[in-house]
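target.cif follows; it contains mmCIF, C-alpha atoms and all ligand atoms.
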```
data_query
loop_
_atom_site.label_atom_id
_atom_site.label_comp_id
_atom_site.auth_asym_id
_atom_site.auth_seq_id
_atom_site.Cartn_x
_atom_site.Cartn_y
_atom_site.Cartn_z
CA MET A 1 89.47 290.07 -234.10
CA SER A 2 86.19 291.50 -232.90
CA LYS A 3 83.50 289.06 -231.93
CA GLN A 4 80.22 289.64 -233.67
CA LYS A 5 77.08 289.00 -231.66
CA ILE A 6 74.51 286.99 -233.56
CA ILE A 7 70.99 288.15 -232.84
CA LYS A 8 68.39 285.52 -233.54
CA ASP A 9 64.83 286.21 -234.60
CA THR A 10 62.50 285.45 -231.74
CA LEU A 11 58.85 285.49 -230.85
CA ARG A 12 57.48 286.18 -227.40
CA ILE A 13 55.06 283.41 -226.54
CA HIS A 14 52.81 282.24 -223.73
CA SER A 15 52.86 278.54 -224.65
CA ILE A 16 52.77 275.97 -227.44
CA GLU A 17 50.21 273.18 -227.71
CA SER A 18 50.53 270.06 -229.84
CA PHE A 19 47.69 268.12 -231.49
CA GLY A 20 45.20 270.99 -231.20
CA THR A 21 41.85 270.33 -232.87
CA HIS A 22 39.99 273.54 -231.99
CA ASP A 23 41.97 276.23 -233.79
CA GLY A 24 41.69 275.73 -237.53
CA PRO A 25 41.36 272.71 -239.81
CA GLY A 26 42.79 269.27 -238.98
CA ILE A 27 45.37 268.55 -236.31
CA ARG A 28 47.53 271.55 -235.52
CA MET A 29 50.39 272.86 -233.46
CA VAL A 30 49.06 275.99 -231.76
CA VAL A 31 51.40 278.77 -230.69
CA PHE A 32 49.91 281.20 -228.17
CA THR A 33 51.70 284.52 -228.49
CA GLN A 34 52.12 287.04 -225.71
CA GLY A 35 50.48 290.48 -225.66
CA CYS A 36 46.95 291.69 -226.39
CA GLN A 37 45.32 295.11 -226.74
CA PHE A 38 41.81 293.94 -225.97
CA ARG A 39 40.56 293.49 -222.42
CA CYS A 40 37.75 291.01 -222.96
CA LEU A 41 35.74 290.58 -219.79
CA TYR A 42 35.60 286.82 -220.36
CA CYS A 43 39.24 286.37 -221.39
CA ALA A 44 40.39 282.88 -220.42
CA ASN A 45 44.05 283.85 -220.81
CA PRO A 46 44.58 287.24 -219.15
CA ASP A 47 48.13 286.11 -218.46
CA THR A 48 48.80 286.67 -222.18
CA TRP A 49 47.98 290.39 -222.05
CA ASP A 50 51.37 291.74 -220.96
CA PRO A 51 53.53 292.03 -224.12
CA SER A 52 56.67 291.69 -222.04
CA GLY A 53 55.46 288.56 -220.21
CA GLY A 54 55.81 284.97 -221.31
CA ARG A 55 59.09 283.75 -222.78
CA GLU A 56 61.13 284.18 -225.92
CA ILE A 57 61.62 281.40 -228.41
CA THR A 58 63.55 281.52 -231.65
CA LEU A 59 61.74 281.15 -234.95
CA ASP A 60 64.10 278.28 -235.76
CA GLU A 61 62.93 276.40 -232.66
CA ILE A 62 59.28 276.86 -233.57
CA VAL A 63 59.80 275.71 -237.15
CA GLN A 64 61.88 272.74 -236.02
CA ARG A 65 59.10 271.63 -233.67
CA ALA A 66 56.52 272.05 -236.45
CA ILE A 67 58.64 269.92 -238.79
CA GLU A 68 58.79 267.19 -236.13
CA GLU A 69 55.00 267.29 -235.77
CA LYS A 70 54.29 267.59 -239.49
CA PRO A 71 53.62 263.83 -239.96
CA PHE A 72 50.60 264.25 -237.65
CA PHE A 73 49.15 267.22 -239.48
CA GLY A 74 47.78 265.15 -242.36
CA LYS A 75 46.36 266.91 -245.39
CA ARG A 76 44.42 269.61 -243.55
CA GLY A 77 46.43 270.37 -240.42
CA GLY A 78 49.36 272.67 -239.79
CA VAL A 79 50.29 275.47 -237.43
CA THR A 80 48.00 278.07 -235.90
CA ILE A 81 49.34 281.23 -234.34
CA SER A 82 46.94 282.42 -231.66
CA GLY A 83 47.25 284.59 -228.59
CA GLY A 84 47.06 286.95 -226.98
CA GLU A 85 46.98 288.84 -230.24
CA PRO A 86 49.53 287.63 -232.80
CA THR A 87 49.59 290.72 -235.01
CA LEU A 88 51.39 292.62 -232.23
CA GLN A 89 54.44 290.62 -233.41
CA ARG A 90 53.66 290.85 -237.11
CA THR A 91 57.23 291.55 -238.29
CA MET A 92 58.46 288.27 -236.83
CA LEU A 93 55.35 286.40 -237.91
CA ILE A 94 55.94 287.35 -241.53
CA LYS A 95 59.37 285.71 -241.28
CA LEU A 96 57.91 282.71 -239.45
CA PHE A 97 55.15 282.17 -241.99
CA GLU A 98 57.66 282.42 -244.84
CA MET A 99 59.65 279.68 -243.10
CA PHE A 100 56.52 277.54 -242.74
CA LYS A 101 55.70 278.06 -246.40
CA ALA A 102 59.19 276.92 -247.39
CA GLU A 103 58.52 273.70 -245.44
CA GLY A 104 55.08 273.18 -246.96
CA ILE A 105 53.32 273.75 -243.62
CA ASN A 106 49.77 275.09 -243.60
CA THR A 107 49.33 278.36 -241.67
CA ALA A 108 46.40 279.74 -239.69
CA LEU A 109 46.18 283.00 -237.78
CA ASP A 110 43.71 283.55 -234.95
CA SER A 111 43.31 287.33 -234.64
CA ASN A 112 41.08 289.80 -232.85
CA GLY A 113 41.37 292.09 -235.90
CA ARG A 114 42.70 295.06 -233.96
CA LEU A 115 45.15 296.14 -236.64
CA LEU A 116 45.29 296.46 -240.42
CA ASN A 117 48.44 297.95 -241.92
CA ASP A 118 50.82 296.97 -244.71
CA GLU A 119 52.67 294.45 -242.55
CA VAL A 120 49.44 292.82 -241.41
CA LYS A 121 48.36 292.64 -245.06
CA THR A 122 51.62 290.88 -245.92
CA LEU A 123 51.10 288.50 -243.02
CA LEU A 124 47.55 287.79 -244.19
CA SER A 125 48.83 286.98 -247.67
CA LEU A 126 50.91 284.20 -246.06
CA THR A 127 47.97 283.00 -243.92
CA ASP A 128 46.04 280.04 -245.33
CA TYR A 129 43.21 280.42 -242.84
CA LEU A 130 42.29 283.58 -241.00
CA LEU A 131 40.31 282.81 -237.85
CA LEU A 132 38.81 286.21 -237.14
CA ASP A 133 37.27 286.82 -233.72
CA VAL A 134 34.26 289.08 -234.02
CA LYS A 135 33.43 289.85 -230.41
CA HIS A 136 30.29 291.85 -231.04
CA MET A 137 28.54 293.44 -234.01
CA ASN A 138 27.38 296.47 -232.07
CA ASP A 139 30.21 298.89 -231.38
CA ASP A 140 28.91 299.99 -227.95
CA TRP A 141 28.65 296.40 -226.78
CA HIS A 142 32.03 295.66 -228.36
CA HIS A 143 33.49 298.48 -226.26
CA ARG A 144 31.81 297.16 -223.14
CA LEU A 145 33.09 293.64 -223.75
CA THR A 146 36.63 294.36 -224.96
CA GLY A 147 37.42 297.98 -224.08
CA LEU A 148 37.89 298.88 -227.77
CA SER A 149 35.96 299.45 -231.00
CA ASN A 150 35.02 296.79 -233.57
CA LYS A 151 35.79 299.14 -236.48
CA SER A 152 39.19 297.62 -237.25
CA VAL A 153 37.76 294.10 -236.95
CA LEU A 154 35.25 294.83 -239.71
CA GLU A 155 38.02 296.42 -241.79
CA VAL A 156 40.18 293.31 -241.47
CA ALA A 157 37.21 291.15 -242.51
CA ALA A 158 36.51 293.38 -245.53
CA TYR A 159 40.18 293.29 -246.53
CA ARG A 160 40.29 289.50 -246.26
CA GLU A 161 37.20 289.30 -248.43
CA CYS A 162 38.97 291.39 -251.12
CA THR A 163 41.88 288.96 -251.17
CA GLY A 164 39.55 286.00 -251.69
CA LEU A 165 41.48 283.90 -249.15
CA PRO A 166 39.62 281.71 -246.63
CA MET A 167 38.33 283.03 -243.33
CA TRP A 168 36.41 281.60 -240.40
CA ILE A 169 34.46 283.88 -238.12
CA ARG A 170 34.60 283.05 -234.40
CA TYR A 171 31.95 284.34 -232.07
CA VAL A 172 31.98 283.99 -228.29
CA LEU A 173 28.40 283.61 -227.08
CA VAL A 174 27.96 285.25 -223.68
CA PRO A 175 24.43 285.22 -222.22
CA GLY A 176 23.18 288.77 -221.68
CA TRP A 177 26.24 290.23 -223.43
CA SER A 178 26.55 288.87 -226.95
CA ASP A 179 23.42 286.79 -227.50
CA GLN A 180 20.95 289.56 -228.40
CA PRO A 181 19.03 288.24 -231.46
CA GLU A 182 19.03 291.63 -233.19
CA PHE A 183 22.82 291.79 -233.13
CA LEU A 184 23.22 288.16 -234.22
CA HIS A 185 21.01 288.99 -237.19
CA ALA A 186 23.03 292.17 -237.79
CA LEU A 187 26.22 290.11 -237.92
CA GLY A 188 24.62 287.65 -240.33
CA GLN A 189 23.36 290.44 -242.55
CA HIS A 190 26.72 292.17 -242.57
CA PHE A 191 28.65 289.06 -243.65
CA GLN A 192 26.10 287.00 -245.55
CA HIS A 193 27.51 287.79 -249.00
CA TYR A 194 31.16 287.29 -248.05
CA LYS A 195 32.56 284.51 -250.24
CA SER A 196 35.73 284.11 -248.16
CA ILE A 197 33.84 282.98 -245.03
CA GLN A 198 33.88 279.19 -244.93
CA LYS A 199 32.25 278.81 -241.57
CA LEU A 200 31.10 280.54 -238.44
CA GLU A 201 32.13 279.06 -235.14
CA ILE A 202 30.15 279.71 -231.99
CA GLN A 203 32.34 279.52 -228.93
CA PRO A 204 30.08 279.21 -225.90
CA TYR A 205 31.28 281.36 -223.01
CA HIS A 206 32.98 279.32 -220.27
CA ARG A 207 34.54 280.09 -216.93
CA LEU A 208 37.73 278.04 -217.20
CA GLY A 209 40.02 281.05 -216.92
CA VAL A 210 38.42 282.65 -213.85
CA HIS A 211 41.11 281.33 -211.49
CA LYS A 212 43.74 283.20 -213.53
CA TRP A 213 41.98 286.49 -212.82
CA GLU A 214 42.02 285.61 -209.13
CA VAL A 215 45.73 284.79 -209.22
CA LEU A 216 46.41 288.14 -210.94
CA GLY A 217 44.32 289.90 -208.28
CA TRP A 218 41.93 291.33 -210.88
CA GLU A 219 38.19 291.66 -210.56
CA TYR A 220 36.28 289.22 -212.80
CA LYS A 221 33.24 291.21 -213.83
CA LEU A 222 31.24 288.31 -215.29
CA ASN A 223 30.98 286.42 -212.02
CA ASN A 224 27.21 286.34 -212.21
CA VAL A 225 27.12 285.14 -215.85
CA GLU A 226 26.54 281.44 -216.45
CA PRO A 227 27.68 279.66 -219.61
CA PRO A 228 24.89 279.39 -222.21
CA ASP A 229 22.75 276.23 -222.04
CA GLY A 230 21.92 274.06 -225.04
CA GLU A 231 18.78 276.01 -225.82
CA GLN A 232 20.60 279.36 -225.86
CA ILE A 233 23.32 277.95 -228.10
CA ASP A 234 20.74 276.40 -230.47
CA LYS A 235 18.90 279.70 -230.68
CA ALA A 236 22.03 281.59 -231.72
CA ALA A 237 23.04 278.82 -234.13
CA SER A 238 19.64 278.84 -235.80
CA ILE A 239 19.91 282.60 -236.39
CA PHE A 240 23.41 282.29 -237.85
CA ARG A 241 22.30 279.37 -240.06
CA GLN A 242 19.99 281.77 -241.86
CA TYR A 243 23.10 283.52 -243.19
CA PHE A 244 26.01 281.05 -243.23
CA ASN A 245 26.32 277.63 -244.89
CA GLU A 246 28.33 276.16 -242.06
CA VAL A 247 27.77 277.02 -238.41
CA VAL A 248 29.58 274.93 -235.80
CA ILE A 249 29.78 274.94 -232.02
CA ASN A 250 33.41 274.87 -230.93
S1 LIG B 301 41.31 289.17 -227.69
FE1 LIG B 301 41.62 287.11 -226.84
S2 LIG B 301 43.50 287.26 -225.59
FE2 LIG B 301 42.79 289.35 -226.02
S3 LIG B 301 41.57 289.89 -224.23
FE3 LIG B 301 40.17 289.07 -225.79
S4 LIG B 301 39.97 286.89 -225.35
FE4 LIG B 301 41.78 287.65 -224.23
#
```
Please express what this file holds, its structure, as structure tokens.
Ligand code: SF4
Amino acid sequence: MSKQKIIKDTLRIHSIESFGTHDGPGIRMVVFTQGCQFRCLYCANPDTWDPSGGREITLDEIVQRAIEEKPFFGKRGGVTISGGEPTLQRTMLIKLFEMFKAEGINTALDSNGRLLNDEVKTLLSLTDYLLLDVKHMNDDWHHRLTGLSNKSVLEVAAYRECTGLPMWIRYVLVPGWSDQPEFLHALGQHFQHYKSIQKLEIQPYHRLGVHKWEVLGWEYKLNNVEPPDGEQIDKAASIFRQYFNEVVIN
């Protein structure tokens, strides 16, 4: 009798965090996936970039862990898939989100919006909250900051708006790079009539990941950039408040 090899569905991840309160509503289990196409100059997790790095975990293991943590999620919490960039593993994530749905677990997806195809659309239909990272409204600056264009990011946002499902916009505020008032206004003007946007989160630039760049032997190009002070953050928030009902500092 021939032995049949059973191949299990797996996801390649960097790490899993329990009781997260910064990535979506309520208390959440946060899965950081491996692989990213962007090269953000401020990336705090450059060790997630390599799609073949990290470790493999079966979908069953992830769901089992989420079921164990479900009592802590409360009414609003659930699971957030972050990265890296999760949509690189969209085929598996569709299966994973279907499994979460079957267990009544709320799903959030934190994405850089690099890709919009039929599979990503299916994944988005299973995503209760899309946390969309808009790195810059100006395409030249977006290129400078991430190495790639913001065109797809705006397409993902427009698609989400068509579906009517909730979305949060996340914006990393980097002094001298992404705090130009004219581009903050441009972002507000672009999205101000979107009904799907529940809130805009400002994520002040920080330097917590710099040591990882050093370990990897890579040059950290923002060495002379300091995190924004309270006044700089308030200034950006007051611009965004002209366009969005809810603006929070995360
Ligand atoms: S999108 Fe996120 S993981 Fe990718 S390079 Fe930018 S900050 Fe890092």
Close residues to ligand LIG 301 (chain B) using only C-alpha atoms and all ligand atoms, limit 8 Å, as a list in words: Gly35, Cys36, Gln37, Phe38, Arg39, Cys40, Leu41, Tyr42, Cys43, Ala44, Asn45, Pro46, Thr48, Trp49, Gly83, Gly84, Glu85, Ser111, Asn112, Asp133 and Thr146 of chain A
Between CA of Asn117 (chain A) and CA of Ser152 (chain A), what is the distance in Å, rounded to a tenth?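 Calculated distance between CA of Asn117 (chain A) and CA of Ser152 (chain A) is 10.4 Å.
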Is it possible to get the residues within 9 Å of (43.5, 282.7, -239.7) (coordinates as in the file, counting all atoms listed in the file) written as a ChimeraX atom specification? /A:23-24,80-82,107-111,124,127-132,166-168
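Note that the spacing between CA of Ser178 (chain A) and CA of Trp218 (chain A) amounts to 22.4 Å.
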Across A:Thr10, A:Gln89, A:Ser238, A:Thr163, the smallest distance to Leu200 (chain A), with only C-alpha atoms counted, is shown by A:Ser238
